[in-house]
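What follows is the content of target_3.csv (CSV, C-alpha atoms and all ligand atoms).
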```
chain,number,residue,atom,x,y,z
M,1,MET,CA,-81.9,158.5,-45.1
M,2,SER,CA,-79.3,158.2,-47.9
M,3,ALA,CA,-76.4,155.8,-47.3
M,4,ILE,CA,-73.9,158.6,-47.6
M,5,PHE,CA,-75.6,160.8,-45.0
M,6,GLU,CA,-75.9,157.8,-42.7
M,7,GLU,CA,-72.1,157.3,-43.1
M,8,ALA,CA,-71.3,160.9,-42.5
M,9,LYS,CA,-73.4,160.9,-39.3
M,10,GLU,CA,-70.6,158.9,-37.6
M,11,LEU,CA,-68.2,161.7,-38.2
M,12,MET,CA,-70.8,164.4,-37.2
M,13,LYS,CA,-71.3,162.6,-33.9
M,14,VAL,CA,-67.6,163.0,-33.1
M,15,TRP,CA,-67.0,166.6,-34.3
M,16,GLY,CA,-70.4,167.8,-32.9
M,17,GLY,CA,-69.8,166.2,-29.5
M,18,PHE,CA,-68.5,169.5,-28.2
M,19,ARG,CA,-71.9,171.1,-28.4
M,20,ALA,CA,-73.7,168.7,-26.0
M,21,SER,CA,-70.7,168.9,-23.7
M,22,ARG,CA,-70.6,172.7,-23.7
M,23,VAL,CA,-74.3,172.9,-23.0
M,24,LEU,CA,-74.0,170.6,-20.0
M,25,LEU,CA,-70.9,172.4,-18.6
M,26,THR,CA,-72.6,175.7,-18.8
M,27,ALA,CA,-75.8,174.4,-17.2
M,28,ASN,CA,-73.7,173.0,-14.4
M,29,ASN,CA,-71.8,176.3,-14.0
M,30,TYR,CA,-75.2,177.9,-13.4
M,31,ARG,CA,-76.3,175.0,-11.2
M,32,ILE,CA,-79.5,174.7,-13.3
M,33,PHE,CA,-80.1,171.2,-12.0
M,34,ASP,CA,-80.3,172.3,-8.4
M,35,HIS,CA,-83.3,174.4,-9.4
M,36,LEU,CA,-85.1,171.6,-11.4
M,37,THR,CA,-85.9,169.2,-8.6
M,38,LYS,CA,-89.5,170.3,-9.2
M,39,PRO,CA,-90.9,171.3,-12.7
M,40,GLN,CA,-90.2,175.0,-13.6
M,41,THR,CA,-90.8,177.2,-16.5
M,42,ALA,CA,-87.8,178.8,-18.4
M,43,LYS,CA,-89.0,182.2,-17.1
M,44,SER,CA,-88.9,181.1,-13.5
M,45,ILE,CA,-85.4,179.6,-14.0
M,46,SER,CA,-84.1,182.7,-15.7
M,47,GLU,CA,-85.5,184.8,-12.8
M,48,LYS,CA,-83.9,182.5,-10.2
M,49,LEU,CA,-80.5,182.4,-12.0
M,50,ASN,CA,-80.6,186.0,-13.2
M,51,THR,CA,-80.0,184.8,-16.8
M,52,GLU,CA,-81.5,186.0,-20.1
M,53,LEU,CA,-84.8,184.4,-20.9
M,54,ARG,CA,-84.2,183.4,-24.6
M,55,ALA,CA,-80.8,182.0,-23.8
M,56,THR,CA,-82.2,180.1,-20.9
M,57,GLU,CA,-85.1,178.6,-22.9
M,58,ILE,CA,-82.8,177.5,-25.7
M,59,ILE,CA,-80.4,175.8,-23.3
M,60,LEU,CA,-83.2,174.1,-21.4
M,61,ASP,CA,-84.6,172.8,-24.7
M,62,ALA,CA,-81.2,171.5,-25.7
M,63,LEU,CA,-80.7,169.8,-22.4
M,64,THR,CA,-84.1,168.1,-22.9
M,65,GLY,CA,-83.1,167.0,-26.4
M,66,ILE,CA,-79.8,165.5,-25.0
M,67,GLY,CA,-81.9,163.6,-22.5
M,68,LEU,CA,-80.8,165.4,-19.4
M,69,LEU,CA,-84.1,167.1,-18.6
M,70,LYS,CA,-87.8,166.3,-19.1
M,71,LYS,CA,-90.2,168.9,-20.6
M,72,ASN,CA,-93.9,168.8,-19.9
M,73,LYS,CA,-95.8,171.6,-21.6
M,74,ASP,CA,-93.6,174.6,-20.8
M,75,LYS,CA,-92.1,173.2,-17.6
M,76,TYR,CA,-88.7,171.5,-17.3
M,77,SER,CA,-87.4,169.1,-14.6
M,78,ASN,CA,-84.5,166.8,-13.9
M,79,THR,CA,-84.2,163.2,-15.2
M,80,ALA,CA,-83.2,160.4,-12.9
M,81,ILE,CA,-79.6,160.9,-14.0
M,82,THR,CA,-79.4,164.6,-13.3
M,83,SER,CA,-81.3,164.2,-10.0
M,84,LYS,CA,-78.8,161.6,-8.9
M,85,PHE,CA,-75.5,163.1,-10.2
M,86,LEU,CA,-75.9,166.9,-10.7
M,87,VAL,CA,-77.9,168.1,-7.7
M,88,SER,CA,-75.7,169.6,-5.0
M,89,GLY,CA,-75.4,167.5,-1.8
M,90,GLU,CA,-76.4,164.2,-3.4
M,91,PRO,CA,-74.0,161.4,-2.3
M,92,PHE,CA,-72.8,160.7,-5.8
M,93,TYR,CA,-72.7,164.3,-6.9
M,94,GLN,CA,-70.5,164.9,-10.0
M,95,GLY,CA,-70.8,168.6,-10.4
M,96,ASP,CA,-67.3,169.3,-9.3
M,97,ILE,CA,-65.7,167.1,-11.9
M,98,LEU,CA,-67.8,169.0,-14.5
M,99,ARG,CA,-66.4,172.3,-13.2
M,100,HIS,CA,-62.9,170.8,-13.5
M,101,ALA,CA,-63.8,169.7,-17.1
M,102,ASP,CA,-64.9,173.3,-17.8
M,103,THR,CA,-61.3,174.5,-17.0
M,104,LEU,CA,-59.8,171.7,-19.0
M,105,TRP,CA,-61.9,172.9,-21.9
M,106,GLN,CA,-59.8,176.0,-22.0
M,107,ASN,CA,-56.6,174.0,-22.1
M,108,TRP,CA,-57.9,171.6,-24.7
M,109,SER,CA,-58.5,174.6,-26.9
M,110,GLY,CA,-54.7,174.8,-27.2
M,111,LEU,CA,-54.3,171.4,-28.7
M,112,ASP,CA,-53.3,172.7,-32.1
M,113,ASP,CA,-50.3,174.5,-30.3
M,114,VAL,CA,-49.5,171.4,-28.4
M,115,MET,CA,-49.2,169.4,-31.7
M,116,GLU,CA,-46.5,171.9,-32.8
M,117,THR,CA,-44.6,172.3,-29.6
M,118,GLY,CA,-45.2,169.0,-27.7
M,119,LYS,CA,-45.4,171.2,-24.6
M,120,PRO,CA,-48.4,171.5,-22.2
M,121,TYR,CA,-50.9,174.2,-22.8
M,122,ARG,CA,-52.0,174.6,-19.2
M,123,LYS,CA,-53.6,178.1,-19.1
M,124,ALA,CA,-56.4,177.3,-16.7
M,125,HIS,CA,-56.6,175.4,-13.4
M,126,ASN,CA,-59.2,175.4,-10.6
M,127,HIS,CA,-57.5,173.3,-7.9
M,128,GLU,CA,-60.6,173.0,-5.7
M,129,ALA,CA,-62.8,171.8,-8.6
M,130,PHE,CA,-60.0,169.4,-9.6
M,131,ILE,CA,-59.6,167.8,-6.1
M,132,LEU,CA,-63.3,167.8,-5.3
M,133,GLY,CA,-63.8,166.4,-8.8
M,134,MET,CA,-61.5,163.5,-7.9
M,135,HIS,CA,-63.8,162.9,-4.8
M,136,ASN,CA,-66.8,162.8,-7.1
M,137,ILE,CA,-65.2,160.1,-9.3
M,138,ALA,CA,-63.7,158.1,-6.5
M,139,SER,CA,-67.0,158.1,-4.6
M,140,LEU,CA,-68.5,156.0,-7.4
M,141,LYS,CA,-65.9,153.2,-7.0
M,142,VAL,CA,-64.1,153.5,-3.6
M,143,LYS,CA,-66.0,150.7,-1.9
M,144,ASN,CA,-65.3,148.2,-4.7
M,145,VAL,CA,-61.7,149.2,-5.0
M,146,ILE,CA,-60.9,148.9,-1.3
M,147,LYS,CA,-62.8,145.7,-1.1
M,148,GLU,CA,-60.8,144.3,-4.0
M,149,ILE,CA,-57.5,145.4,-2.5
M,150,GLY,CA,-58.4,143.8,0.9
M,151,LEU,CA,-57.0,145.2,4.1
M,152,LYS,CA,-56.3,141.9,5.9
M,153,GLY,CA,-53.0,142.4,7.8
M,154,VAL,CA,-52.8,146.1,6.9
M,155,LYS,CA,-52.1,148.1,10.0
M,156,THR,CA,-50.5,151.1,8.3
M,157,ALA,CA,-51.4,152.5,4.9
M,158,LEU,CA,-50.0,155.3,2.8
M,159,ASP,CA,-52.4,157.0,0.3
M,160,LEU,CA,-49.8,158.5,-2.0
M,161,GLY,CA,-51.1,161.5,-3.9
M,162,GLY,CA,-54.3,160.8,-1.9
M,163,GLY,CA,-56.1,163.9,-3.2
M,164,PRO,CA,-59.4,164.6,-1.4
M,165,GLY,CA,-58.9,161.5,0.8
M,166,THR,CA,-61.8,159.4,-0.6
M,167,TYR,CA,-59.7,156.2,-0.4
M,168,SER,CA,-58.1,157.2,2.9
M,169,ILE,CA,-61.6,157.6,4.4
M,170,GLU,CA,-62.6,154.1,3.4
M,171,MET,CA,-59.3,152.5,4.6
M,172,ALA,CA,-59.6,154.3,7.9
M,173,LYS,CA,-63.2,153.2,8.3
M,174,ARG,CA,-62.0,149.6,7.9
M,175,GLY,CA,-59.5,150.1,10.7
M,176,ALA,CA,-56.2,151.0,9.0
M,177,ASP,CA,-53.9,153.8,10.3
M,178,VAL,CA,-53.8,155.9,7.2
M,179,THR,CA,-51.3,158.6,6.1
M,180,LEU,CA,-52.4,160.8,3.2
M,181,PHE,CA,-49.5,162.3,1.4
M,182,ASP,CA,-50.1,165.2,-1.1
M,183,ARG,CA,-49.2,168.8,-1.9
M,184,PRO,CA,-50.1,171.4,0.8
M,185,GLU,CA,-52.9,173.0,-1.3
M,186,THR,CA,-54.5,169.5,-1.7
M,187,VAL,CA,-54.0,168.5,1.9
M,188,GLU,CA,-56.0,171.6,2.9
M,189,ILE,CA,-59.0,170.3,0.9
M,190,ALA,CA,-58.5,166.7,2.1
M,191,ARG,CA,-58.7,167.9,5.7
M,192,ARG,CA,-62.1,169.4,5.0
M,193,VAL,CA,-63.4,166.4,3.1
M,194,THR,CA,-62.2,163.9,5.7
M,195,SER,CA,-63.5,165.9,8.6
M,196,LYS,CA,-66.9,166.3,6.9
M,197,ALA,CA,-67.0,162.5,6.6
M,198,GLY,CA,-66.4,162.4,10.4
M,199,ILE,CA,-63.0,160.6,10.1
M,200,LYS,CA,-60.4,161.8,12.6
M,201,ASN,CA,-57.7,159.1,12.4
M,202,ILE,CA,-56.0,160.1,9.2
M,203,ASP,CA,-52.5,161.6,9.4
M,204,PHE,CA,-51.5,164.1,6.7
M,205,LEU,CA,-48.0,164.6,5.2
M,206,GLN,CA,-47.5,167.4,2.8
M,207,GLY,CA,-44.9,167.8,0.2
M,208,ASP,CA,-43.8,166.6,-3.2
M,209,PHE,CA,-43.6,162.9,-3.5
M,210,ILE,CA,-40.7,163.1,-5.9
M,211,HIS,CA,-38.5,165.3,-3.9
M,212,ASP,CA,-39.7,164.9,-0.3
M,213,ASP,CA,-39.7,162.1,2.3
M,214,ILE,CA,-42.9,160.0,2.1
M,215,GLY,CA,-42.3,158.3,5.5
M,216,LYS,CA,-41.8,154.5,6.0
M,217,GLY,CA,-43.1,151.4,7.8
M,218,TYR,CA,-46.2,151.0,5.7
M,219,ASP,CA,-48.0,147.7,5.1
M,220,LEU,CA,-49.7,149.1,2.1
M,221,ILE,CA,-49.0,152.0,-0.3
M,222,PHE,CA,-51.9,152.9,-2.5
M,223,ALA,CA,-50.9,155.1,-5.5
M,224,SER,CA,-54.2,155.9,-7.2
M,225,GLN,CA,-54.3,157.9,-10.4
M,226,ILE,CA,-50.9,159.6,-10.0
M,227,LEU,CA,-48.6,157.8,-12.4
M,228,HIS,CA,-50.4,159.0,-15.5
M,229,SER,CA,-49.2,162.6,-14.8
M,230,LEU,CA,-45.5,161.5,-14.7
M,231,SER,CA,-43.0,160.3,-17.2
M,232,GLU,CA,-41.7,156.7,-17.3
M,233,LYS,CA,-38.5,157.7,-15.6
M,234,GLU,CA,-40.3,159.6,-12.8
M,235,ASN,CA,-42.6,156.6,-12.3
M,236,ILE,CA,-39.7,154.2,-11.8
M,237,TYR,CA,-38.2,156.6,-9.3
M,238,VAL,CA,-41.5,156.9,-7.3
M,239,ILE,CA,-42.1,153.2,-7.4
M,240,LYS,CA,-38.6,152.5,-6.0
M,241,LYS,CA,-39.2,155.1,-3.3
M,242,CYS,CA,-42.4,153.3,-2.4
M,243,LYS,CA,-40.6,149.9,-2.2
M,244,ASP,CA,-38.1,151.4,0.3
M,245,ALA,CA,-40.9,152.9,2.4
M,246,LEU,CA,-42.8,149.5,2.7
M,247,ASN,CA,-42.4,147.0,5.5
M,248,LYS,CA,-41.1,143.6,4.4
M,249,GLY,CA,-44.1,141.7,2.9
M,250,GLY,CA,-45.9,145.0,2.3
M,251,ARG,CA,-47.9,145.7,-0.8
M,252,MET,CA,-47.9,148.5,-3.4
M,253,VAL,CA,-51.2,148.9,-5.2
M,254,ILE,CA,-51.4,151.1,-8.3
M,255,GLN,CA,-54.7,152.3,-9.7
M,256,GLU,CA,-54.8,153.8,-13.2
M,257,PHE,CA,-57.2,154.1,-16.1
M,258,HIS,CA,-56.9,150.9,-18.1
M,259,ILE,CA,-55.4,151.1,-21.5
M,260,LEU,CA,-54.5,148.2,-23.8
M,261,LYS,CA,-50.9,147.7,-25.0
M,262,ASP,CA,-51.5,149.4,-28.4
M,263,ARG,CA,-52.8,152.5,-26.4
M,264,THR,CA,-55.9,152.9,-28.6
M,265,HIS,CA,-58.6,151.5,-26.3
M,266,PRO,CA,-60.7,151.9,-24.2
M,267,VAL,CA,-61.3,155.2,-26.0
M,268,HIS,CA,-61.8,157.0,-22.7
M,269,SER,CA,-58.2,156.2,-21.8
M,270,ALA,CA,-56.8,157.1,-25.2
M,271,LEU,CA,-58.5,160.5,-24.8
M,272,PHE,CA,-57.3,160.8,-21.3
M,273,SER,CA,-53.7,160.5,-22.6
M,274,VAL,CA,-54.5,163.5,-24.7
M,275,ASN,CA,-55.6,165.3,-21.5
M,276,MET,CA,-52.2,164.4,-20.0
M,277,LEU,CA,-50.4,165.6,-23.2
M,278,ILE,CA,-52.1,169.0,-22.8
M,279,ASN,CA,-51.7,169.3,-19.1
M,280,THR,CA,-48.4,167.7,-18.1
M,281,GLU,CA,-44.8,167.5,-19.3
M,282,GLY,CA,-44.5,163.8,-19.6
M,283,GLY,CA,-47.7,162.0,-18.6
M,284,ARG,CA,-50.0,159.6,-20.4
M,285,CYS,CA,-52.0,156.4,-19.7
M,286,TYR,CA,-49.7,153.4,-19.1
M,287,SER,CA,-50.7,149.8,-19.9
M,288,PRO,CA,-50.7,147.2,-17.1
M,289,ASP,CA,-47.6,145.5,-18.7
M,290,GLU,CA,-45.6,148.7,-18.5
M,291,MET,CA,-46.5,149.2,-14.8
M,292,LYS,CA,-45.8,145.6,-14.0
M,293,ASN,CA,-42.3,145.9,-15.6
M,294,TRP,CA,-41.5,148.9,-13.5
M,295,LEU,CA,-42.5,147.0,-10.3
M,296,LEU,CA,-40.4,144.1,-11.3
M,297,LYS,CA,-37.5,146.3,-12.3
M,298,THR,CA,-37.5,148.0,-8.8
M,299,GLY,CA,-37.5,144.6,-7.0
M,300,PHE,CA,-41.1,143.9,-6.3
M,301,LYS,CA,-42.4,140.3,-6.5
M,302,LYS,CA,-45.8,138.6,-7.0
M,303,VAL,CA,-47.0,141.2,-9.5
M,304,GLU,CA,-50.7,140.9,-10.3
M,305,GLU,CA,-53.4,142.9,-12.2
M,306,LYS,CA,-57.2,143.2,-11.8
M,307,LEU,CA,-59.6,145.0,-14.1
M,308,MET,CA,-62.1,147.2,-12.3
M,309,ASP,CA,-64.9,149.5,-13.8
M,310,ASP,CA,-62.7,151.9,-15.8
M,311,SER,CA,-59.4,151.2,-14.1
M,312,VAL,CA,-56.9,148.6,-13.5
M,313,LEU,CA,-55.3,147.7,-10.1
M,314,VAL,CA,-51.7,146.5,-10.3
M,315,GLN,CA,-50.4,145.0,-7.1
M,316,ALA,CA,-47.0,143.8,-6.0
M,317,VAL,CA,-45.2,142.7,-2.9
M,318,ALA,CA,-42.0,144.0,-1.4
M,319,LEU,CA,-40.1,140.9,-0.1
G,401,LIG,C1,-55.6,162.6,-10.1
G,401,LIG,S1,-55.4,163.0,-8.4
G,401,LIG,C2,-55.7,161.5,-7.7
G,401,LIG,C3,-56.2,161.6,-6.3
G,401,LIG,C4,-56.6,160.3,-5.6
G,401,LIG,N1,-55.4,159.5,-5.4
G,401,LIG,C5,-57.6,159.5,-6.3
G,401,LIG,O1,-57.4,158.5,-7.0
G,401,LIG,O2,-58.8,160.0,-6.3
G,401,LIG,C6,-53.6,163.2,-8.3
G,401,LIG,C7,-53.2,163.7,-6.9
G,401,LIG,O3,-51.7,163.6,-6.9
G,401,LIG,C8,-51.3,164.8,-6.3
G,401,LIG,N2,-49.9,165.0,-6.8
G,401,LIG,C9,-49.5,165.2,-8.1
G,401,LIG,N3,-48.2,165.3,-8.1
G,401,LIG,C10,-47.7,165.3,-6.9
G,401,LIG,C11,-46.4,165.4,-6.3
G,401,LIG,N4,-45.4,165.6,-7.0
G,401,LIG,N5,-46.3,165.4,-4.9
G,401,LIG,C12,-47.4,165.2,-4.2
G,401,LIG,N6,-48.7,165.1,-4.7
G,401,LIG,C13,-48.8,165.1,-6.0
G,401,LIG,C14,-52.3,165.9,-6.7
G,401,LIG,O4,-52.3,167.0,-5.8
G,401,LIG,C15,-53.6,165.1,-6.6
G,401,LIG,O5,-54.1,165.1,-5.4
```
Show me, as structure tokens, the structure contained in the file I just sent.
Amino acid sequence: MSAIFEEAKELMKVWGGFRASRVLLTANNYRIFDHLTKPQTAKSISEKLNTELRATEIILDALTGIGLLKKNKDKYSNTAITSKFLVSGEPFYQGDILRHADTLWQNWSGLDDVMETGKPYRKAHNHEAFILGMHNIASLKVKNVIKEIGLKGVKTALDLGGGPGTYSIEMAKRGADVTLFDRPETVEIARRVTSKAGIKNIDFLQGDFIHDDIGKGYDLIFASQILHSLSEKENIYVIKKCKDALNKGGRMVIQEFHILKDRTHPVHSALFSVNMLINTEGGRCYSPDEMKNWLLKTGFKKVEEKLMDDSVLVQAVAL
């Protein structure tokens, strides 16, 4: 291969990335992977899914090329990755977050407009896919995160913007009295997720954590993946509100995607900031130092950070 072509391939990898992503999102929309737990021909898949044969065959071949299916003669089947993550009902199922990504796709198509206006381009939203998608992601890390936080001495915990309740479930299982605070439309989903998990001792508070009362008397407030959708001013306000809601000696733990001070890496986080640019008025990823400053500014002490898989935990004590 010529050197110039080799060099240009780096660029192609980035601009052409949408094609693999689109094929995967469409395959997930059609729940193709649910039907490929055993080898099947394209014809049998197209009959089961009621899709056009040529289109189905081309998509199945592309999925195989990407490495998400295996092809043996004319039969296709899941790989270890798709079996584990994209077959409905599997414990680490990720299909809902892909459905959420599919709606984000529509909003990301407005990025040119956002560049001009600086305003969000939030045309599409599927709340159930969003919240269940949060459950998909959190299920991959909840045990490690709650273990790292440690619940020694925690009788009462608030899961602020707790979403589907994945972290609430783990804290409740470990004996804490948990209150999950979120918007009414999210609480409805959280009730379903927590009851499916067989957890009964979680209280639900519904409202807006900026404008409404979040309760008080907590030993721990966990604020996971909520600050990135807010502006700096709103975050300081919410953190101060949390400080006032904690018992003396209580802890606030923030979980956010980790981003370095210069905001360029990890690349996933830099791109996630673009997601917040497109979908929120004032959100982006914040560096651990920025969050630590807010905690100190609002009167918290003993501020610490800990890097996890793709996130950072920033913890502080209300004295
Ligand atoms: C990205 S999800 C994070 C869910 C969960 N904490 C986690 O880490 O998996 C953000 C959550 O915050 C909730 N949320 C956002 N703004 C809110 C507000 N102003 N008041 C209450 N809940 C809010 C959303 O409904 C959603 O459940």
Could you tell me which of M:Ile81, M:Val312, M:Leu160, M:Val267 comes closest to ligand LIG 401 (chain G) if we count all atoms listed in the file?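 With all atoms listed in the file as the atom set, the closest residue is M:Leu160.
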Please tabulate, as JSON lines, the residues of chain M that come within 10 Å of ligand LIG 401 (chain G), each with its closest pair of atoms and the distance in Å to one decimal, counting all atoms listed in the file and ordering rows by chain, then residue number upward.
```
{"residue": "M:His127", "atom": "CA", "partner": "G:LIG401", "partner_atom": "O4", "distance": 8.4}
{"residue": "M:Phe130", "atom": "CA", "partner": "G:LIG401", "partner_atom": "S1", "distance": 8.0}
{"residue": "M:Ile131", "atom": "CA", "partner": "G:LIG401", "partner_atom": "O5", "distance": 6.2}
{"residue": "M:Leu132", "atom": "CA", "partner": "G:LIG401", "partner_atom": "O2", "distance": 9.1}
{"residue": "M:Gly133", "atom": "CA", "partner": "G:LIG401", "partner_atom": "O2", "distance": 8.5}
{"residue": "M:Met134", "atom": "CA", "partner": "G:LIG401", "partner_atom": "O2", "distance": 4.7}
{"residue": "M:His135", "atom": "CA", "partner": "G:LIG401", "partner_atom": "O2", "distance": 6.0}
{"residue": "M:Asn136", "atom": "CA", "partner": "G:LIG401", "partner_atom": "O2", "distance": 8.5}
{"residue": "M:Ile137", "atom": "CA", "partner": "G:LIG401", "partner_atom": "O2", "distance": 7.1}
{"residue": "M:Ala138", "atom": "CA", "partner": "G:LIG401", "partner_atom": "O2", "distance": 5.3}
{"residue": "M:Ser139", "atom": "CA", "partner": "G:LIG401", "partner_atom": "O2", "distance": 8.6}
{"residue": "M:Lys141", "atom": "CA", "partner": "G:LIG401", "partner_atom": "O2", "distance": 9.9}
{"residue": "M:Val142", "atom": "CA", "partner": "G:LIG401", "partner_atom": "O2", "distance": 8.8}
{"residue": "M:Asp159", "atom": "CA", "partner": "G:LIG401", "partner_atom": "N1", "distance": 6.9}
{"residue": "M:Leu160", "atom": "CA", "partner": "G:LIG401", "partner_atom": "N1", "distance": 6.6}
{"residue": "M:Gly161", "atom": "CA", "partner": "G:LIG401", "partner_atom": "O3", "distance": 3.7}
{"residue": "M:Gly162", "atom": "CA", "partner": "G:LIG401", "partner_atom": "N1", "distance": 3.9}
{"residue": "M:Gly163", "atom": "CA", "partner": "G:LIG401", "partner_atom": "O5", "distance": 3.2}
{"residue": "M:Pro164", "atom": "CA", "partner": "G:LIG401", "partner_atom": "C3", "distance": 6.6}
{"residue": "M:Gly165", "atom": "CA", "partner": "G:LIG401", "partner_atom": "C4", "distance": 6.9}
{"residue": "M:Thr166", "atom": "CA", "partner": "G:LIG401", "partner_atom": "O2", "distance": 6.5}
{"residue": "M:Tyr167", "atom": "CA", "partner": "G:LIG401", "partner_atom": "O2", "distance": 7.1}
{"residue": "M:Ser168", "atom": "CA", "partner": "G:LIG401", "partner_atom": "N1", "distance": 9.0}
{"residue": "M:Leu180", "atom": "CA", "partner": "G:LIG401", "partner_atom": "N1", "distance": 9.2}
{"residue": "M:Phe181", "atom": "CA", "partner": "G:LIG401", "partner_atom": "C12", "distance": 6.6}
{"residue": "M:Asp182", "atom": "CA", "partner": "G:LIG401", "partner_atom": "N6", "distance": 3.9}
{"residue": "M:Arg183", "atom": "CA", "partner": "G:LIG401", "partner_atom": "C12", "distance": 4.6}
{"residue": "M:Pro184", "atom": "CA", "partner": "G:LIG401", "partner_atom": "O4", "distance": 8.2}
{"residue": "M:Glu185", "atom": "CA", "partner": "G:LIG401", "partner_atom": "O4", "distance": 7.5}
{"residue": "M:Thr186", "atom": "CA", "partner": "G:LIG401", "partner_atom": "O4", "distance": 5.3}
{"residue": "M:Val187", "atom": "CA", "partner": "G:LIG401", "partner_atom": "O4", "distance": 8.0}
{"residue": "M:Ile189", "atom": "CA", "partner": "G:LIG401", "partner_atom": "O5", "distance": 9.5}
{"residue": "M:Ala190", "atom": "CA", "partner": "G:LIG401", "partner_atom": "O5", "distance": 8.8}
{"residue": "M:Leu205", "atom": "CA", "partner": "G:LIG401", "partner_atom": "C12", "distance": 9.4}
{"residue": "M:Gln206", "atom": "CA", "partner": "G:LIG401", "partner_atom": "C12", "distance": 7.3}
{"residue": "M:Gly207", "atom": "CA", "partner": "G:LIG401", "partner_atom": "C12", "distance": 5.7}
{"residue": "M:Asp208", "atom": "CA", "partner": "G:LIG401", "partner_atom": "N5", "distance": 3.3}
{"residue": "M:Phe209", "atom": "CA", "partner": "G:LIG401", "partner_atom": "N5", "distance": 3.9}
{"residue": "M:Ile210", "atom": "CA", "partner": "G:LIG401", "partner_atom": "N4", "distance": 5.4}
{"residue": "M:His211", "atom": "CA", "partner": "G:LIG401", "partner_atom": "N4", "distance": 7.6}
{"residue": "M:Asp212", "atom": "CA", "partner": "G:LIG401", "partner_atom": "N5", "distance": 8.1}
{"residue": "M:Ile214", "atom": "CA", "partner": "G:LIG401", "partner_atom": "C12", "distance": 9.3}
{"residue": "M:Phe222", "atom": "CA", "partner": "G:LIG401", "partner_atom": "N1", "distance": 8.0}
{"residue": "M:Ala223", "atom": "CA", "partner": "G:LIG401", "partner_atom": "N1", "distance": 6.3}
{"residue": "M:Ser224", "atom": "CA", "partner": "G:LIG401", "partner_atom": "O1", "distance": 4.1}
{"residue": "M:Gln225", "atom": "CA", "partner": "G:LIG401", "partner_atom": "O1", "distance": 4.6}
{"residue": "M:Ile226", "atom": "CA", "partner": "G:LIG401", "partner_atom": "C6", "distance": 4.8}
{"residue": "M:Leu227", "atom": "CA", "partner": "G:LIG401", "partner_atom": "C6", "distance": 8.4}
{"residue": "M:His228", "atom": "CA", "partner": "G:LIG401", "partner_atom": "C1", "distance": 8.3}
{"residue": "M:Ser229", "atom": "CA", "partner": "G:LIG401", "partner_atom": "C9", "distance": 7.2}
{"residue": "M:Leu230", "atom": "CA", "partner": "G:LIG401", "partner_atom": "N3", "distance": 8.1}
{"residue": "M:Glu234", "atom": "CA", "partner": "G:LIG401", "partner_atom": "N4", "distance": 9.8}
{"residue": "M:Val238", "atom": "CA", "partner": "G:LIG401", "partner_atom": "N4", "distance": 9.5}
{"residue": "M:Ile254", "atom": "CA", "partner": "G:LIG401", "partner_atom": "O1", "distance": 9.6}
{"residue": "M:Gln255", "atom": "CA", "partner": "G:LIG401", "partner_atom": "O1", "distance": 7.3}
{"residue": "M:Glu256", "atom": "CA", "partner": "G:LIG401", "partner_atom": "O1", "distance": 8.2}
```
Just the residues within 6 Å of region 279-290 of chain M, please, counting all atoms listed in the file, with nothing from its chain fewer than 2 positions along; format it as a list in words.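 Selected residues are Pro120, Arg122, His228, Ser229, Leu230, Ser231, Ile259, Leu260, Lys261, Ser273, Met276, Leu277, Lys292 and Asn293 of chain M.
If only C-alpha atoms are the atoms counted, then among M:Ala80, M:Ile278, M:Ile221, M:Ile169 the closest residue to Ala316 (chain M) is M:Ile221.
As for CA of Tyr121 (chain M) and CA of Trp15 (chain M), they are spaced 21.2 Å apart.
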Which protein, DNA or RNA residues have an atom at most 7 Å from (-42.6, 153.9, 6.5), counting all atoms listed in the file? List them as a PyMOL selection string. chain M and resi 215-218+245-247
C-alpha atoms of the current selection, written as a PDB file, keeping the file's coordinate frame:
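Written output follows (result24.pdb):
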```
ATOM      1  CA  GLY M 215     -42.300 158.300   5.500  1.00  0.00           C
ATOM      2  CA  LYS M 216     -41.800 154.500   6.000  1.00  0.00           C
ATOM      3  CA  GLY M 217     -43.100 151.400   7.800  1.00  0.00           C
ATOM      4  CA  TYR M 218     -46.200 151.000   5.700  1.00  0.00           C
ATOM      5  CA  ALA M 245     -40.900 152.900   2.400  1.00  0.00           C
ATOM      6  CA  LEU M 246     -42.800 149.500   2.700  1.00  0.00           C
ATOM      7  CA  ASN M 247     -42.400 147.000   5.500  1.00  0.00           C
TER       8      ASN M 247
END
```
Shortest contact to Tyr93 (chain M), candidates M:Asn235, M:Thr117, M:Asn28, M:Ser44, atoms counted only C-alpha atoms, goes to M:Asn28
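Of note, CA of Glu232 (chain M) and CA of Ala157 (chain M) are spaced 24.6 Å apart.
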Kindly provide the residues of region 13-78 of chain M that approach region 105-113 of chain M to within 10 Å, each paired with its closest atom pair and their distance in Å to one decimal, based on only C-alpha atoms, listed by chain and increasing number, as JSON lines.
```
{"residue": "M:Phe18", "atom": "CA", "partner": "M:Trp105", "partner_atom": "CA", "distance": 9.7}
{"residue": "M:Ser21", "atom": "CA", "partner": "M:Trp105", "partner_atom": "CA", "distance": 9.8}
{"residue": "M:Arg22", "atom": "CA", "partner": "M:Trp105", "partner_atom": "CA", "distance": 8.9}
{"residue": "M:Leu25", "atom": "CA", "partner": "M:Trp105", "partner_atom": "CA", "distance": 9.6}
```
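Using only C-alpha atoms for every distance, the candidate list M:His258, M:Arg99, M:Lys75, M:Lys48 yields M:Arg99 as the residue closest to Leu24 (chain M).
Across the structure, CA of Gly150 (chain M) and CA of Lys302 (chain M) are spaced 15.8 Å apart.
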Between M:Gly16, M:Leu11, M:Leu86, M:Phe257, which residue has the minimum interatomic distance to Tyr30 (chain M), considering all atoms listed in the file? M:Leu86
M:Tyr76, M:Phe300, M:Phe204, M:Phe272: which is nearest Lys240 (chain M), counting all atoms listed in the file?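 Residue with the minimum atom-to-atom distance to Lys240 (chain M): M:Phe300.
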